[in-house]
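Peer 1: I'd like to ask you about the structure that follows.
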Amino acid sequence: MPISVFFKNIYSPLYIHNIYREDGFTIIELIIVIVIVGILAVLALPKFIDLSGDASKATIQGIAGALASANQINYIARKENAGNGVAVANCTAVASALVNATLPTGYSITSLAITAGTTSVCTVTGPSGSTATFLGTGI
């Protein structure tokens, strides 16, 4: 290749443009991405901020489920042998059927008499005032 052609190619506008061309994002593209991330954050944050209410509901429902299970196991155990389990004549007595025989701190069961062989709807209340119900069977 003749030297004149070589210099002509080096100094051509296309060659010079490729030398000084910088790749990257423009400021407009960056601003658009920041705006989209901001919109997503505004939409998502409220869902994560108030999870304490959902946690409180789940906790009280879990405790009510544990009480219902403990009551049924206690009922079957006492039906088989009166010396097993605990006597349940009131909703509050169901807590004694739990493994550690106590409710977690801040939780209470509304007092309601249960006659032997019948089932009543008992209510457990949590520290935040949330409530859940479970079935208590007298024995």
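If you're wondering about the labels, chains in the structure tokens are A, B, ... by order shown, residues count from 1 in each chain, ligands from 1 in order shown.
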Give me every alpha helix (DSSP H) residue in chain A, going by DSSP on the backbone, as a ChimeraX atom specification.
Peer 2: /A:3-10,13-20,27-49,52-80
Peer 1: Residues of the last selection are to be written out with C-alpha atoms, as a PDB file, in the first residue's frame.
Peer 2:
```pdb
ATOM      1  CA  ILE A   3       2.306   5.672   1.934  1.00  0.00           C
ATOM      2  CA  SER A   4      -0.047   8.378   0.694  1.00  0.00           C
ATOM      3  CA  VAL A   5      -2.999   5.992   0.960  1.00  0.00           C
ATOM      4  CA  PHE A   6      -1.913   5.057   4.503  1.00  0.00           C
ATOM      5  CA  PHE A   7      -1.852   8.677   5.682  1.00  0.00           C
ATOM      6  CA  LYS A   8      -5.084   9.393   3.866  1.00  0.00           C
ATOM      7  CA  ASN A   9      -6.822   6.582   5.799  1.00  0.00           C
ATOM      8  CA  ILE A  10      -5.374   7.653   9.160  1.00  0.00           C
ATOM      9  CA  PRO A  13     -12.883  11.777   9.380  1.00  0.00           C
ATOM     10  CA  LEU A  14     -14.216   8.262   9.991  1.00  0.00           C
ATOM     11  CA  TYR A  15     -10.898   7.061  11.415  1.00  0.00           C
ATOM     12  CA  ILE A  16     -10.523  10.093  13.675  1.00  0.00           C
ATOM     13  CA  HIS A  17     -14.120   9.723  14.868  1.00  0.00           C
ATOM     14  CA  ASN A  18     -13.438   6.093  15.887  1.00  0.00           C
ATOM     15  CA  ILE A  19     -10.300   7.089  17.791  1.00  0.00           C
ATOM     16  CA  TYR A  20     -12.107   9.669  19.953  1.00  0.00           C
ATOM     17  CA  ILE A  27     -26.892  11.509  31.112  1.00  0.00           C
ATOM     18  CA  ILE A  28     -30.465  11.121  29.807  1.00  0.00           C
ATOM     19  CA  GLU A  29     -30.233   7.329  29.990  1.00  0.00           C
ATOM     20  CA  LEU A  30     -28.928   7.533  33.557  1.00  0.00           C
ATOM     21  CA  ILE A  31     -31.708   9.920  34.606  1.00  0.00           C
ATOM     22  CA  ILE A  32     -34.359   7.625  33.104  1.00  0.00           C
ATOM     23  CA  VAL A  33     -32.967   4.635  35.012  1.00  0.00           C
ATOM     24  CA  ILE A  34     -32.890   6.633  38.277  1.00  0.00           C
ATOM     25  CA  VAL A  35     -36.500   7.755  37.764  1.00  0.00           C
ATOM     26  CA  ILE A  36     -37.646   4.172  37.099  1.00  0.00           C
ATOM     27  CA  VAL A  37     -35.846   2.875  40.204  1.00  0.00           C
ATOM     28  CA  GLY A  38     -37.406   5.717  42.228  1.00  0.00           C
ATOM     29  CA  ILE A  39     -40.908   4.842  41.028  1.00  0.00           C
ATOM     30  CA  LEU A  40     -40.390   1.166  41.865  1.00  0.00           C
ATOM     31  CA  ALA A  41     -39.124   2.103  45.338  1.00  0.00           C
ATOM     32  CA  VAL A  42     -42.159   4.313  45.988  1.00  0.00           C
ATOM     33  CA  LEU A  43     -44.479   1.489  44.974  1.00  0.00           C
ATOM     34  CA  ALA A  44     -42.661  -1.253  46.918  1.00  0.00           C
ATOM     35  CA  LEU A  45     -41.774   0.468  50.207  1.00  0.00           C
ATOM     36  CA  PRO A  46     -45.311   0.675  51.647  1.00  0.00           C
ATOM     37  CA  LYS A  47     -45.617  -3.091  51.299  1.00  0.00           C
ATOM     38  CA  PHE A  48     -42.525  -3.645  53.457  1.00  0.00           C
ATOM     39  CA  ILE A  49     -42.927  -0.851  55.990  1.00  0.00           C
ATOM     40  CA  SER A  52     -45.778  -5.657  61.929  1.00  0.00           C
ATOM     41  CA  GLY A  53     -49.567  -5.923  61.561  1.00  0.00           C
ATOM     42  CA  ASP A  54     -49.244  -9.044  59.420  1.00  0.00           C
ATOM     43  CA  ALA A  55     -46.723 -10.528  61.843  1.00  0.00           C
ATOM     44  CA  SER A  56     -49.041  -9.858  64.789  1.00  0.00           C
ATOM     45  CA  LYS A  57     -51.959 -11.565  63.013  1.00  0.00           C
ATOM     46  CA  ALA A  58     -49.822 -14.555  62.065  1.00  0.00           C
ATOM     47  CA  THR A  59     -48.523 -14.879  65.635  1.00  0.00           C
ATOM     48  CA  ILE A  60     -51.972 -14.821  67.238  1.00  0.00           C
ATOM     49  CA  GLN A  61     -53.277 -17.326  64.690  1.00  0.00           C
ATOM     50  CA  GLY A  62     -50.307 -19.598  65.373  1.00  0.00           C
ATOM     51  CA  ILE A  63     -50.965 -19.464  69.117  1.00  0.00           C
ATOM     52  CA  ALA A  64     -54.664 -20.184  68.555  1.00  0.00           C
ATOM     53  CA  GLY A  65     -53.721 -23.161  66.380  1.00  0.00           C
ATOM     54  CA  ALA A  66     -51.352 -24.460  69.060  1.00  0.00           C
ATOM     55  CA  LEU A  67     -54.095 -24.123  71.682  1.00  0.00           C
ATOM     56  CA  ALA A  68     -56.601 -25.970  69.493  1.00  0.00           C
ATOM     57  CA  SER A  69     -54.107 -28.794  68.863  1.00  0.00           C
ATOM     58  CA  ALA A  70     -53.150 -29.037  72.526  1.00  0.00           C
ATOM     59  CA  ASN A  71     -56.824 -29.147  73.472  1.00  0.00           C
ATOM     60  CA  GLN A  72     -57.561 -32.001  71.085  1.00  0.00           C
ATOM     61  CA  ILE A  73     -54.535 -34.027  72.213  1.00  0.00           C
ATOM     62  CA  ASN A  74     -55.482 -33.388  75.840  1.00  0.00           C
ATOM     63  CA  TYR A  75     -59.089 -34.455  75.178  1.00  0.00           C
ATOM     64  CA  ILE A  76     -58.003 -37.750  73.604  1.00  0.00           C
ATOM     65  CA  ALA A  77     -55.462 -38.435  76.380  1.00  0.00           C
ATOM     66  CA  ARG A  78     -58.044 -37.781  79.128  1.00  0.00           C
ATOM     67  CA  LYS A  79     -60.669 -39.834  77.309  1.00  0.00           C
ATOM     68  CA  GLU A  80     -58.284 -42.812  77.331  1.00  0.00           C
TER      69      GLU A  80
END
```
Peer 1: Could you give me, as number ranges by chain, each residue of chain A that DSSP assigns to strand (DSSP E) when run on this structure's backbone?
Peer 2: A: 108-109, 119-125, 131-137
Peer 1: For Gly117 in chain A, which residue out of A:Leu98, A:Val88, A:Leu51, A:Leu103 is the nearest one, using only C-alpha atoms?
Peer 2: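 For Gly117 in chain A, the nearest of the given residues is A:Val88.
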Peer 1: Quick one: residues within 8 Å of range 121-127 of chain A, only C-alpha atoms, excluding same-chain residues fewer than 4 positions away - as number ranges by chain?
Peer 2: A: 56, 60, 64, 91, 106-112, 131-136
Peer 1: Suppose you want the space between CA of Ser120 in chain A and CA of Ala101 in chain A; what is it in Å?
Peer 2: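 About the pair CA of Ser120 in chain A and CA of Ala101 in chain A: they are 20.2 Å apart.
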